[in-house]
$ cat my_file_28.cif   # mmCIF, C-alpha atoms
data_start
#
loop_
_atom_site.label_atom_id
_atom_site.label_comp_id
_atom_site.auth_asym_id
_atom_site.auth_seq_id
_atom_site.Cartn_x
_atom_site.Cartn_y
_atom_site.Cartn_z
CA MET A 16 153.19 -130.78 143.77
CA ALA A 17 150.17 -130.07 141.64
CA GLY A 18 152.38 -128.81 138.86
CA ARG A 19 154.59 -131.82 139.11
CA SER A 20 151.59 -134.15 139.15
CA GLY A 21 150.20 -132.38 136.10
CA ARG A 22 153.48 -132.90 134.24
CA ILE A 23 153.41 -136.58 135.11
CA TRP A 24 149.86 -136.92 133.82
CA LEU A 25 150.83 -135.02 130.67
CA ALA A 26 153.80 -137.34 130.15
CA LEU A 27 151.59 -140.41 130.64
CA ALA A 28 149.06 -138.99 128.20
CA LEU A 29 151.78 -138.40 125.59
CA VAL A 30 153.10 -141.93 126.08
CA ALA A 31 149.59 -143.31 125.68
CA LEU A 32 149.12 -141.20 122.57
CA ALA A 33 152.35 -142.49 121.10
CA LEU A 34 151.33 -146.08 121.81
CA VAL A 35 147.90 -145.64 120.28
CA LEU A 36 149.43 -143.98 117.24
CA ALA A 37 151.98 -146.76 116.89
CA ALA A 38 149.31 -149.43 117.21
CA ALA A 39 147.14 -147.68 114.64
CA THR A 40 149.98 -147.45 112.17
CA ALA A 41 151.52 -150.87 112.73
CA LYS A 42 150.80 -151.37 109.06
CA PRO A 43 151.36 -148.52 106.55
CA ARG A 44 148.31 -146.30 106.00
CA GLU A 45 147.53 -144.08 103.08
CA ALA A 46 147.79 -140.82 105.01
CA VAL A 47 151.11 -141.82 106.51
CA LEU A 48 152.42 -142.83 103.09
CA VAL A 49 151.47 -139.44 101.68
CA ALA A 50 153.25 -137.69 104.53
CA ARG A 51 156.23 -139.93 104.02
CA GLY A 52 156.27 -139.08 100.34
CA LEU A 53 156.46 -135.39 101.18
CA LEU A 54 159.26 -136.00 103.66
CA VAL A 55 161.22 -138.10 101.15
CA ALA A 56 160.74 -135.47 98.44
CA ALA A 57 161.93 -132.72 100.75
CA SER A 58 164.98 -134.61 101.95
CA ALA A 59 165.90 -136.27 98.63
CA PRO A 60 168.21 -133.49 97.35
CA PHE A 61 170.17 -133.52 100.59
CA THR A 62 170.33 -137.27 101.03
CA GLY A 63 171.29 -137.57 97.35
CA ALA A 64 174.10 -135.06 97.83
CA VAL A 65 175.31 -136.94 100.89
CA ARG A 66 175.27 -140.23 98.99
CA GLU A 67 177.16 -138.68 96.08
CA ALA A 68 179.72 -137.22 98.44
CA THR A 69 180.04 -140.59 100.15
CA ASP A 70 180.51 -142.37 96.84
CA TRP A 71 183.12 -139.79 95.79
CA LEU A 72 184.95 -140.24 99.08
CA ALA A 73 184.80 -144.01 98.74
CA GLY A 74 186.27 -143.60 95.26
CA VAL A 75 189.09 -141.48 96.62
CA VAL A 76 189.80 -144.05 99.32
CA ASP A 77 189.77 -146.85 96.75
CA THR A 78 192.19 -144.87 94.60
CA LEU A 79 194.50 -144.27 97.55
CA VAL A 80 194.42 -147.95 98.45
CA ALA A 81 195.15 -148.80 94.81
CA LEU A 82 198.06 -146.32 94.81
CA ARG A 83 199.46 -147.97 97.90
CA ASP A 84 199.35 -151.33 96.17
CA LEU A 85 200.70 -149.90 92.93
CA PRO A 86 204.43 -150.76 93.38
CA ALA A 87 203.66 -154.38 94.26
CA ARG A 88 201.18 -154.60 91.42
CA ASN A 89 203.73 -153.04 89.09
CA ARG A 90 206.35 -155.59 90.10
CA ALA A 91 203.89 -158.42 89.58
CA LEU A 92 202.95 -157.09 86.15
CA GLU A 93 206.59 -156.65 85.16
CA SER A 94 207.30 -160.21 86.21
CA GLU A 95 204.27 -161.37 84.26
CA LEU A 96 205.41 -159.36 81.26
CA ALA A 97 208.87 -160.95 81.39
CA ALA A 98 207.28 -164.41 81.53
CA MET A 99 205.04 -163.48 78.59
CA ARG A 100 208.04 -162.31 76.60
CA ARG A 101 209.84 -165.57 77.28
CA LEU A 102 206.73 -167.44 76.19
CA ALA A 103 206.45 -165.31 73.04
CA ILE A 104 210.08 -166.06 72.15
CA GLU A 105 209.55 -169.76 72.76
CA ALA A 106 206.35 -169.68 70.73
CA GLU A 107 208.10 -167.91 67.85
CA GLU A 108 210.89 -170.49 67.93
CA LEU A 109 208.34 -173.29 67.91
CA ARG A 110 206.47 -171.62 65.06
CA GLN A 111 209.58 -171.32 62.95
CA GLU A 112 210.63 -174.85 63.77
CA ASN A 113 207.19 -176.08 62.86
CA GLU A 114 207.31 -174.18 59.59
CA ALA A 115 210.75 -175.58 58.73
CA LEU A 116 209.67 -179.14 59.54
CA ARG A 117 206.49 -178.75 57.49
CA ALA A 118 208.58 -177.55 54.56
CA LEU A 119 210.83 -180.58 54.93
CA LEU A 120 207.78 -182.83 55.09
CA ARG A 121 206.42 -181.32 51.89
CA LEU A 122 209.83 -181.83 50.27
CA ARG A 123 209.84 -185.45 51.36
CA GLU A 124 206.40 -186.04 49.88
CA SER A 125 206.77 -184.07 46.67
CA GLY A 126 210.47 -184.56 45.85
CA PRO A 127 212.22 -187.38 44.02
CA PRO A 128 211.44 -190.96 45.16
CA GLU A 129 214.71 -191.07 47.13
CA PHE A 130 213.32 -188.32 49.39
CA ARG A 131 210.58 -190.59 50.76
CA ALA A 132 213.06 -192.03 53.26
CA GLY A 133 214.48 -188.60 54.09
CA LEU A 134 215.46 -187.89 57.66
CA ALA A 135 214.99 -184.47 59.23
CA ALA A 136 218.02 -183.22 61.14
CA ARG A 137 218.82 -180.11 63.07
CA VAL A 138 222.10 -178.29 62.56
CA VAL A 139 223.76 -178.35 65.96
CA GLY A 140 227.29 -177.25 65.18
CA ARG A 141 229.02 -174.87 62.84
CA SER A 142 232.47 -173.44 63.33
CA PRO A 143 232.91 -169.78 62.32
CA ASP A 144 236.36 -170.48 60.86
CA ARG A 145 234.93 -173.28 58.71
CA TRP A 146 231.62 -171.57 58.05
CA TYR A 147 231.40 -172.50 54.37
CA ASP A 148 233.07 -175.88 54.79
CA GLU A 149 230.94 -178.05 57.05
CA VAL A 150 228.15 -178.28 59.61
CA THR A 151 227.28 -180.85 62.25
CA VAL A 152 223.75 -182.28 62.47
CA ASP A 153 222.02 -184.16 65.31
CA ARG A 154 221.50 -187.41 63.43
CA GLY A 155 224.06 -190.18 63.33
CA ALA A 156 224.61 -193.84 62.70
CA ASP A 157 221.95 -194.73 65.27
CA ASP A 158 219.42 -193.02 62.99
CA GLY A 159 220.66 -194.81 59.87
CA VAL A 160 222.87 -192.01 58.60
CA ALA A 161 225.90 -193.09 56.56
CA ARG A 162 228.75 -191.39 54.74
CA GLY A 163 227.99 -190.07 51.27
CA MET A 164 224.32 -189.38 51.89
CA ALA A 165 222.97 -186.21 50.30
CA VAL A 166 221.80 -183.35 52.49
CA VAL A 167 219.14 -180.96 51.19
CA THR A 168 216.76 -178.21 52.22
CA PRO A 169 213.49 -177.32 50.52
CA GLU A 170 215.43 -174.71 48.52
CA GLY A 171 218.13 -177.03 47.23
CA LEU A 172 221.25 -179.08 47.77
CA VAL A 173 223.36 -178.44 50.89
CA GLY A 174 226.13 -181.04 50.66
CA ARG A 175 226.89 -184.60 51.66
CA VAL A 176 227.66 -186.52 54.83
CA VAL A 177 231.37 -187.10 55.24
CA GLN A 178 231.69 -188.21 58.82
CA VAL A 179 229.32 -190.12 61.11
CA THR A 180 229.25 -190.84 64.81
CA ALA A 181 226.50 -192.63 66.70
CA ARG A 182 224.39 -189.54 67.26
CA GLU A 183 225.84 -186.88 64.97
CA ALA A 184 227.10 -186.44 61.46
CA VAL A 185 229.35 -183.92 59.70
CA VAL A 186 228.06 -182.51 56.43
CA LEU A 187 230.51 -181.24 53.80
CA LEU A 188 228.92 -178.13 52.30
CA LEU A 189 228.79 -177.42 48.58
CA THR A 190 230.94 -174.36 49.18
CA ASN A 191 233.80 -176.45 50.53
CA PRO A 192 236.60 -176.52 47.90
CA ASP A 193 236.77 -180.31 48.37
CA SER A 194 233.15 -180.63 47.31
CA GLY A 195 232.22 -181.67 43.78
CA VAL A 196 228.74 -182.26 42.43
CA GLY A 197 227.74 -183.51 39.01
CA ALA A 198 225.29 -180.93 37.64
CA LEU A 199 223.56 -179.66 34.52
CA VAL A 200 221.81 -176.54 33.34
CA GLN A 201 218.10 -177.23 33.63
CA ARG A 202 217.05 -175.10 30.64
CA GLU A 203 215.69 -177.38 27.90
CA THR A 204 217.68 -175.71 25.14
CA SER A 205 220.92 -176.09 27.06
CA ARG A 206 221.14 -179.18 29.32
CA ALA A 207 224.88 -178.47 29.49
CA GLU A 208 226.62 -180.69 32.00
CA GLY A 209 229.56 -180.07 34.25
CA VAL A 210 230.78 -180.26 37.80
CA VAL A 211 230.01 -177.75 40.56
CA LEU A 212 232.90 -177.07 42.90
CA GLY A 213 233.37 -175.00 46.04
CA GLN A 214 235.58 -171.96 45.83
CA ALA A 215 238.46 -171.24 48.13
CA ALA A 216 238.62 -167.60 47.03
CA SER A 217 235.03 -166.50 46.85
CA ARG A 218 233.33 -168.17 49.78
CA GLY A 219 229.62 -168.50 49.49
CA LEU A 220 229.70 -168.91 45.70
CA LEU A 221 230.28 -172.02 43.58
CA THR A 222 232.06 -172.60 40.30
CA MET A 223 230.62 -174.79 37.57
CA GLN A 224 233.11 -176.18 35.11
CA PHE A 225 231.33 -177.28 31.99
CA PHE A 226 232.50 -180.43 30.22
CA SER A 227 231.91 -178.96 26.78
CA PRO A 228 233.53 -175.70 25.68
CA ASP A 229 230.39 -175.01 23.64
CA ALA A 230 228.09 -175.27 26.62
CA ASP A 231 225.19 -172.87 26.68
CA ALA A 232 224.71 -171.08 29.99
CA VAL A 233 223.44 -167.61 30.76
CA PRO A 234 222.94 -165.76 34.03
CA GLY A 235 219.73 -166.85 35.71
CA ASP A 236 219.90 -170.43 34.50
CA VAL A 237 218.96 -173.02 37.08
CA VAL A 238 221.55 -175.67 37.80
CA ILE A 239 220.41 -179.05 39.12
CA THR A 240 222.14 -182.28 40.09
CA SER A 241 222.73 -184.59 37.17
CA GLY A 242 222.65 -187.78 39.22
CA LEU A 243 225.88 -188.92 37.65
CA GLY A 244 228.23 -190.51 40.11
CA GLY A 245 225.41 -191.81 42.27
CA THR A 246 226.04 -189.64 45.30
CA PHE A 247 223.15 -187.26 44.71
CA PRO A 248 219.75 -188.03 43.26
CA ARG A 249 219.04 -186.33 39.95
CA GLY A 250 217.02 -183.14 39.83
CA ILE A 251 217.95 -181.39 43.08
CA ALA A 252 218.42 -177.63 42.68
CA VAL A 253 222.08 -176.70 43.15
CA GLY A 254 222.00 -172.99 42.35
CA TYR A 255 221.62 -170.21 39.84
CA VAL A 256 224.09 -169.00 37.24
CA VAL A 257 225.37 -165.58 38.19
CA SER A 258 227.94 -165.11 35.46
CA VAL A 259 229.65 -167.09 32.71
CA ALA A 260 233.33 -166.82 31.74
CA ARG A 261 235.67 -168.50 29.33
CA GLY A 262 239.21 -169.49 30.26
CA GLU A 263 242.33 -167.69 29.01
CA GLU A 264 242.88 -170.11 26.22
CA GLY A 265 239.29 -169.81 25.17
CA LEU A 266 238.48 -173.46 25.70
CA ALA A 267 237.15 -174.04 29.22
CA LEU A 268 233.81 -172.50 30.08
CA THR A 269 233.03 -171.78 33.73
CA ALA A 270 230.11 -170.20 35.49
CA GLN A 271 229.69 -168.57 38.89
CA ILE A 272 226.83 -170.24 40.72
CA GLU A 273 224.92 -168.90 43.69
CA PRO A 274 223.76 -171.83 45.82
CA ALA A 275 220.00 -172.43 45.82
CA ALA A 276 220.01 -173.32 49.51
CA ASP A 277 220.72 -170.49 51.92
CA LEU A 278 223.93 -171.91 53.33
CA ASP A 279 224.39 -168.97 55.66
CA ARG A 280 221.25 -169.82 57.59
CA LEU A 281 221.01 -173.56 57.96
CA GLU A 282 218.87 -174.79 60.84
CA TRP A 283 216.93 -177.81 59.59
CA VAL A 284 218.03 -180.09 56.77
CA MET A 285 216.98 -183.41 55.34
CA ILE A 286 219.40 -186.29 54.95
CA VAL A 287 218.58 -188.43 51.94
CA PRO A 288 219.70 -192.05 52.22
CA MET B 1 168.51 -113.30 121.24
CA LYS B 2 171.12 -115.95 122.00
CA PRO B 3 168.67 -118.73 122.94
CA ARG B 4 166.87 -118.25 119.61
CA ARG B 5 170.11 -118.59 117.71
CA ASP B 6 170.92 -121.71 119.73
CA ALA B 7 167.49 -123.16 118.99
CA ARG B 8 168.19 -122.58 115.31
CA TRP B 9 171.38 -124.61 115.59
CA THR B 10 169.42 -127.35 117.32
CA PHE B 11 167.14 -127.48 114.31
CA VAL B 12 170.04 -127.35 111.82
CA TRP B 13 171.90 -130.18 113.53
CA GLY B 14 168.67 -132.18 113.74
CA ALA B 15 168.02 -131.81 110.02
CA ALA B 16 171.66 -132.66 109.30
CA ALA B 17 171.47 -135.73 111.51
CA PHE B 18 168.32 -136.88 109.75
CA VAL B 19 169.80 -136.38 106.29
CA LEU B 20 173.06 -138.07 107.27
CA GLU B 21 171.12 -140.92 108.86
CA LEU B 22 169.41 -141.55 105.53
CA GLY B 23 172.39 -140.93 103.27
CA LEU B 24 175.45 -141.93 105.22
CA ALA B 25 174.66 -144.52 107.89
CA ASP B 26 174.84 -147.40 105.43
CA ALA B 27 178.21 -146.25 104.10
CA VAL B 28 179.87 -146.28 107.52
CA ARG B 29 178.41 -149.62 108.58
CA LEU B 30 180.86 -151.90 110.40
CA GLY B 31 179.52 -155.43 110.11
CA PRO B 32 176.36 -155.62 112.20
CA ALA B 33 176.97 -152.15 113.67
CA TRP B 34 175.76 -148.97 112.04
CA PRO B 35 175.66 -145.58 113.67
CA ASP B 36 172.18 -144.33 114.56
CA LEU B 37 173.01 -140.71 113.79
CA ALA B 38 169.50 -139.57 114.68
CA PHE B 39 169.89 -140.96 118.16
CA ALA B 40 173.45 -139.61 118.37
CA TYR B 41 171.99 -136.17 117.80
CA VAL B 42 169.31 -136.70 120.47
CA ALA B 43 171.98 -137.86 122.94
CA ALA B 44 174.21 -134.87 122.13
CA VAL B 45 171.34 -132.45 122.68
CA ALA B 46 170.36 -134.18 125.94
CA LEU B 47 173.95 -134.06 127.19
CA LEU B 48 174.64 -130.47 126.28
CA SER B 49 171.21 -128.85 126.59
CA GLY B 50 169.48 -130.88 129.26
CA ALA B 51 166.47 -133.13 129.70
CA ARG B 52 163.78 -130.83 128.27
CA HIS B 53 165.70 -130.22 125.03
CA GLY B 54 166.57 -133.90 124.90
CA LEU B 55 162.90 -134.80 125.17
CA LEU B 56 161.86 -132.38 122.43
CA ALA B 57 164.74 -133.31 120.11
CA GLY B 58 164.09 -137.03 120.66
CA ALA B 59 160.35 -136.80 120.12
CA GLY B 60 160.73 -134.56 117.07
CA LEU B 61 163.46 -136.44 115.28
CA GLY B 62 161.97 -139.78 116.34
CA LEU B 63 158.71 -138.77 114.67
CA MET B 64 160.62 -137.93 111.48
CA VAL B 65 162.28 -141.36 111.55
CA ASP B 66 158.89 -142.99 112.12
CA LEU B 67 157.40 -141.04 109.28
CA TYR B 68 160.21 -142.11 106.99
CA SER B 69 159.65 -145.76 107.81
CA ALA B 70 155.88 -145.16 107.34
CA HIS B 71 154.73 -147.49 110.09
CA TRP B 72 154.75 -147.73 113.89
CA LEU B 73 154.30 -143.96 113.97
CA GLY B 74 155.33 -142.70 117.40
CA LEU B 75 157.58 -145.66 118.21
CA HIS B 76 160.90 -143.85 117.70
CA ALA B 77 159.35 -140.62 118.95
CA LEU B 78 158.49 -142.31 122.23
CA ALA B 79 161.78 -144.20 122.56
CA TYR B 80 164.04 -141.29 121.57
CA GLY B 81 162.00 -138.77 123.54
CA ALA B 82 162.12 -140.86 126.70
CA ALA B 83 165.81 -141.63 126.21
CA GLY B 84 166.58 -137.93 125.56
CA TRP B 85 164.78 -136.87 128.68
CA GLY B 86 166.33 -139.62 130.80
CA LEU B 87 169.80 -138.92 129.42
CA GLY B 88 169.49 -135.25 130.26
CA ARG B 89 168.53 -136.17 133.79
CA LEU B 90 171.13 -138.90 134.16
CA VAL B 91 174.09 -136.80 133.15
CA ALA B 92 173.12 -133.66 135.08
CA PRO B 93 175.41 -134.29 138.07
CA PHE B 94 178.40 -135.08 135.82
CA ASP B 95 180.63 -133.26 133.39
CA GLU B 96 178.74 -133.74 130.13
CA ARG B 97 181.82 -132.81 128.08
CA ASN B 98 183.82 -135.71 129.39
CA ARG B 99 184.07 -138.29 126.63
CA ALA B 100 183.79 -141.29 128.96
CA VAL B 101 180.67 -139.83 130.58
CA ALA B 102 179.22 -139.11 127.16
CA PHE B 103 180.01 -142.62 125.89
CA LEU B 104 178.50 -144.35 128.91
CA ALA B 105 175.44 -142.10 128.99
CA ALA B 106 174.80 -142.43 125.26
CA GLY B 107 175.33 -146.19 125.48
CA LEU B 108 172.84 -146.51 128.30
CA GLY B 109 170.43 -144.18 126.55
CA GLY B 110 170.72 -146.18 123.34
CA LEU B 111 170.05 -149.44 125.15
CA PHE B 112 167.10 -147.86 126.87
CA ALA B 113 165.70 -146.61 123.56
CA ALA B 114 166.19 -150.01 121.95
CA SER B 115 164.49 -151.68 124.91
CA VAL B 116 161.53 -149.29 124.75
CA GLN B 117 161.09 -149.99 121.04
CA ALA B 118 161.39 -153.74 121.55
CA VAL B 119 158.91 -153.74 124.43
CA VAL B 120 156.38 -151.57 122.58
CA VAL B 121 156.59 -153.73 119.46
CA ALA B 122 156.35 -156.87 121.60
CA VAL B 123 153.27 -155.53 123.39
CA LEU B 124 151.54 -154.32 120.25
CA ALA B 125 152.57 -157.09 117.87
CA GLY B 126 153.13 -159.85 120.40
CA GLY B 127 155.51 -162.79 120.45
CA LEU B 128 158.73 -160.84 119.93
CA ASP B 129 161.93 -161.76 121.76
CA VAL B 130 162.77 -158.45 123.49
CA ARG B 131 166.11 -159.70 124.80
CA ALA B 132 167.23 -160.85 121.37
CA LEU B 133 166.24 -157.52 119.85
CA VAL B 134 168.15 -155.54 122.46
CA PHE B 135 171.23 -157.73 122.05
CA ALA B 136 171.01 -157.36 118.29
CA ALA B 137 170.95 -153.60 118.73
CA LEU B 138 173.98 -153.60 121.04
CA PRO B 139 176.74 -153.21 118.38
CA SER B 140 174.92 -150.27 116.82
CA VAL B 141 174.29 -148.72 120.22
CA LEU B 142 178.01 -148.86 121.07
CA PHE B 143 178.93 -147.50 117.64
CA THR B 144 176.48 -144.65 118.12
CA ALA B 145 177.84 -143.95 121.61
CA LEU B 146 181.30 -143.60 120.07
CA PHE B 147 179.96 -140.87 117.80
CA VAL B 148 178.44 -139.09 120.78
CA ALA B 149 181.72 -139.35 122.72
CA LEU B 150 183.50 -137.80 119.72
CA VAL B 151 181.27 -134.71 119.59
CA ALA B 152 180.71 -134.35 123.34
CA PRO B 153 183.50 -131.81 124.02
CA TRP B 154 182.28 -129.53 121.22
CA ASP B 155 179.83 -126.74 121.78
CA LEU B 156 177.97 -127.24 118.47
CA GLY B 157 176.11 -123.95 119.11
CA LEU B 158 173.47 -125.78 121.16
CA PRO B 159 171.83 -124.11 124.17
CA ARG B 160 173.65 -124.89 127.41
CA ARG B 161 172.05 -126.85 130.20
CA THR B 162 170.86 -124.55 132.97
CA GLU B 163 172.83 -124.48 136.16
CA THR B 164 169.67 -124.91 138.20
CA GLU B 165 168.86 -128.23 136.56
CA GLY B 166 172.15 -129.72 137.66
CA ARG B 167 172.09 -128.14 141.08
CA GLU B 168 168.52 -129.17 141.72
CA LEU B 169 169.28 -132.77 140.92
CA ARG B 170 172.46 -132.79 142.93
CA GLU B 171 170.50 -131.54 145.90
CA LEU B 172 167.67 -134.01 145.46
CA LYS B 173 170.02 -136.87 144.50
CA LEU B 174 167.10 -138.12 142.45
CA TRP B 175 166.25 -138.22 138.79
CA PHE B 176 162.52 -137.82 139.29
#
$ encode --input "my_file_28.cif" --output "structure tokens"
Amino acid sequence: MAGRSGRIWLALALVALALVLAAATAKPREAVLVARGLLVAASAPFTGAVREATDWLAGVVDTLVALRDLPARNRALESELAAMRRLAIEAEELRQENEALRALLRLRESGPPEFRAGLAARVVGRSPDRWYDEVTVDRGADDGVARGMAVVTPEGLVGRVVQVTAREAVVLLLTNPDSGVGALVQRETSRAEGVVLGQAASRGLLTMQFFSPDADAVPGDVVITSGLGGTFPRGIAVGYVVSVARGEEGLALTAQIEPAADLDRLEWVMIVP
Amino acid sequence: MKPRRDARWTFVWGAAAFVLELGLADAVRLGPAWPDLAFAYVAAVALLSGARHGLLAGAGLGLMVDLYSAHWLGLHALAYGAAGWGLGRLVAPFDERNRAVAFLAAGLGGLFAASVQAVVVAVLAGGLDVRALVFAALPSVLFTALFVALVAPWDLGLPRRTETEGRELRELKLWF
């Protein structure tokens, strides 16, 4: 019993010691801080290694979680990419449309006085089997369009309106064999006049029949509307002389003309009242 | 020679528990609960090696924890030492390798240690709500007990509890 009693007293003494020590160090003391510093210094390499290992493991777990989500994320990104592509296409279309309309606006402001009342129109119909004959535009009688009005692009003459409905109009292209435009060579030393006609044989090119057999025309000459006949205002570019030829009897002079306007790629035009 | 080797393992596990407590406990935190790996070690030693080892491991590692926090020196030493000793006594009549026994014993031991700390701080500093402190410690105590239950069936190289300790207590049917 004495031994047991001694152990109890020893335990009570140790408890009392712990309490006294705790009370004495309720606030940090210099000696304790020094001892703590030693303990921290001794354990720092190990705790640092544990923290690094933990961080590495957390990184691996994060990567695994990310891999698990990868297919869904991939699908979402693909969907987003498709939407972006659609947007890019739309934006490019809008950019080109904007550019075309700005060009038409500049033409309206800087062209002949008749252009001031010009009306922008979009080409909405073109039949492959009548590619060089006519196009349909989205402006009609409701917009003030009437038969005979000239149709131009910033590059040059396109044709004239031959048919009108309330909301649409049909434009007879220069390349149509039924088309005829009074024109002259712009060069100051020439000013030779004639009529520009569409060709049935060589689609896409025009023929200019000069009124005078002594007309002066060379490849590269610019041909513009003469304004004679009243259908087209004077001074609109019709095309460029590609070649000049004289008829079999040596009297009639004709020239092959390449249209100034790109009639293969018509999207926006201006109708001139 | 064997007991010496076992004592070495006790030291190794203690140092490992201390290092892991400082470096890992925060990383495995679950909301308000974080595992007190130092106490988990004390509980494991008490379960596997008995009350005396539990007391020594608790007092020793508790003192290290106190030293690391640099104030209330002896607080953890007292709480862990008492809990280690009590745990060793409490579990003597039972199978210490049973996970349920280990979980319950470690849980009770953890609550006891938290209570001792709260009471000591309340006595020395005054005005502390002991009940609130113990309840606040409850999630961590349960988390820690889970750790103890996980390692309970393993030998860990620790010295085994003596047969006489268990027998003596079974005969006395008393802890003191």
$ residues_around --input "my_file_28.cif" --residues "segment 207-219 of chain A" --least-positions-apart "5" --cutoff "8 Å" --atoms "only C-alpha atoms" --output "PyMOL selection string"
chain A and resi 147+189-200+224-227+230-232+241+273-274+278
$ resolve_selection --input "my_file_28.cif" --expression "the PyMOL selection byres ((chain B and resi 120) around 10)" --output "list in words"
Leu34, Ala37 and Ala38 of chain A; Trp72, Leu75, Leu78, Ala79, Ala114, Ser115, Val116, Gln117, Ala118, Val119, Val121, Ala122, Val123, Leu124, Ala125, Gly126, Leu128 and Val130 of chain B
$ resolve_selection --input "my_file_28.cif" --expression "the PyMOL selection byres ((chain A and resi 160) around 9)" --output "short mmCIF file (atom, residue, chain, number, x, y, z; two decimals) with C-alpha atoms, in the frame of the given file"
data_model
loop_
_atom_site.label_atom_id
_atom_site.label_comp_id
_atom_site.auth_asym_id
_atom_site.auth_seq_id
_atom_site.Cartn_x
_atom_site.Cartn_y
_atom_site.Cartn_z
CA LEU A 134 215.46 -187.89 57.66
CA ARG A 154 221.50 -187.41 63.43
CA GLY A 155 224.06 -190.18 63.33
CA ALA A 156 224.61 -193.84 62.70
CA ASP A 157 221.95 -194.73 65.27
CA ASP A 158 219.42 -193.02 62.99
CA GLY A 159 220.66 -194.81 59.87
CA ALA A 161 225.90 -193.09 56.56
CA ARG A 162 228.75 -191.39 54.74
CA MET A 164 224.32 -189.38 51.89
CA VAL A 176 227.66 -186.52 54.83
CA VAL A 179 229.32 -190.12 61.11
CA THR A 180 229.25 -190.84 64.81
CA ALA A 181 226.50 -192.63 66.70
CA GLU A 183 225.84 -186.88 64.97
CA ALA A 184 227.10 -186.44 61.46
CA ILE A 286 219.40 -186.29 54.95
CA VAL A 287 218.58 -188.43 51.94
CA PRO A 288 219.70 -192.05 52.22
#
$ interface_residues --input "my_file_28.cif" --of "chain A" --to "chain B" --cutoff "8 Å" --atoms "only C-alpha atoms" --output "list in words"
Val30, Ala33, Leu34, Leu36, Ala37, Ala38, Ala39, Thr40, Ala41, Lys42, Pro43, Arg44, Val47, Leu48, Ala50, Arg51, Leu54, Val55, Ser58, Phe61, Thr62, Gly63, Val65, Arg66 and Thr69 of chain A
$ residues_near_point --input "my_file_28.cif" --point "(219.0, -176.0, 40.8)" --cutoff "6 Å" --atoms "only C-alpha atoms" --output "number ranges by chain"
A: 237-239, 251-254
$ write_last_selection --input "my_file_28.cif" --atoms "C-alpha atoms" --output "PDB file, in the frame of the given file"
ATOM      1  CA  VAL A 237     218.960-173.020  37.080  1.00  0.00           C
ATOM      2  CA  VAL A 238     221.550-175.670  37.800  1.00  0.00           C
ATOM      3  CA  ILE A 239     220.410-179.050  39.120  1.00  0.00           C
ATOM      4  CA  ILE A 251     217.950-181.390  43.080  1.00  0.00           C
ATOM      5  CA  ALA A 252     218.420-177.630  42.680  1.00  0.00           C
ATOM      6  CA  VAL A 253     222.080-176.700  43.150  1.00  0.00           C
ATOM      7  CA  GLY A 254     222.000-172.990  42.350  1.00  0.00           C
TER       8      GLY A 254
END
$ residues_around --input "my_file_28.cif" --residues "Ala43 of chain B" --least-positions-apart "4" --cutoff "10 Å" --atoms "all atoms listed in the file" --output "PyMOL selection string"
chain B and resi 37-39+47-51+54-55+57-58+80+83-88+102-103+105-107+109-110+144-145+147-149+152
$ atom_distance --input "my_file_28.cif" --atom1 "atom CA of Met285 of chain A" --atom2 "atom CA of Arg117 of chain A"
11.7 Å
$ atom_distance --input "my_file_28.cif" --atom1 "atom CA of Glu263 of chain A" --atom2 "atom CA of Pro228 of chain A"
12.4 Å
$ atom_distance --input "my_file_28.cif" --atom1 "atom CA of Arg131 of chain B" --atom2 "atom CA of Glu96 of chain B"
29.4 Å
$ build_atoms --input "my_file_28.cif" --residues "segment 133-138 of chain B" --atoms "N, CA, C and O atoms" --output "PDB file, keeping the file's coordinate frame"
ATOM      1  N   LEU B 133     166.246-158.791 120.581  1.00  0.00           N
ATOM      2  CA  LEU B 133     166.240-157.520 119.850  1.00  0.00           C
ATOM      3  C   LEU B 133     167.229-156.525 120.453  1.00  0.00           C
ATOM      4  O   LEU B 133     167.960-155.839 119.738  1.00  0.00           O
ATOM      5  N   VAL B 134     167.237-156.482 121.789  1.00  0.00           N
ATOM      6  CA  VAL B 134     168.150-155.540 122.460  1.00  0.00           C
ATOM      7  C   VAL B 134     169.604-155.948 122.213  1.00  0.00           C
ATOM      8  O   VAL B 134     170.462-155.119 121.923  1.00  0.00           O
ATOM      9  N   PHE B 135     169.860-157.259 122.307  1.00  0.00           N
ATOM     10  CA  PHE B 135     171.230-157.730 122.050  1.00  0.00           C
ATOM     11  C   PHE B 135     171.651-157.462 120.598  1.00  0.00           C
ATOM     12  O   PHE B 135     172.801-157.124 120.331  1.00  0.00           O
ATOM     13  N   ALA B 136     170.704-157.618 119.698  1.00  0.00           N
ATOM     14  CA  ALA B 136     171.010-157.360 118.290  1.00  0.00           C
ATOM     15  C   ALA B 136     171.345-155.893 118.073  1.00  0.00           C
ATOM     16  O   ALA B 136     172.160-155.545 117.203  1.00  0.00           O
ATOM     17  N   ALA B 137     170.721-155.034 118.892  1.00  0.00           N
ATOM     18  CA  ALA B 137     170.950-153.600 118.730  1.00  0.00           C
ATOM     19  C   ALA B 137     172.240-153.146 119.396  1.00  0.00           C
ATOM     20  O   ALA B 137     172.712-152.035 119.148  1.00  0.00           O
ATOM     21  N   LEU B 138     172.824-154.004 120.238  1.00  0.00           N
ATOM     22  CA  LEU B 138     173.980-153.600 121.040  1.00  0.00           C
ATOM     23  C   LEU B 138     175.162-153.062 120.212  1.00  0.00           C
ATOM     24  O   LEU B 138     175.701-151.987 120.546  1.00  0.00           O
TER      25      LEU B 138
END
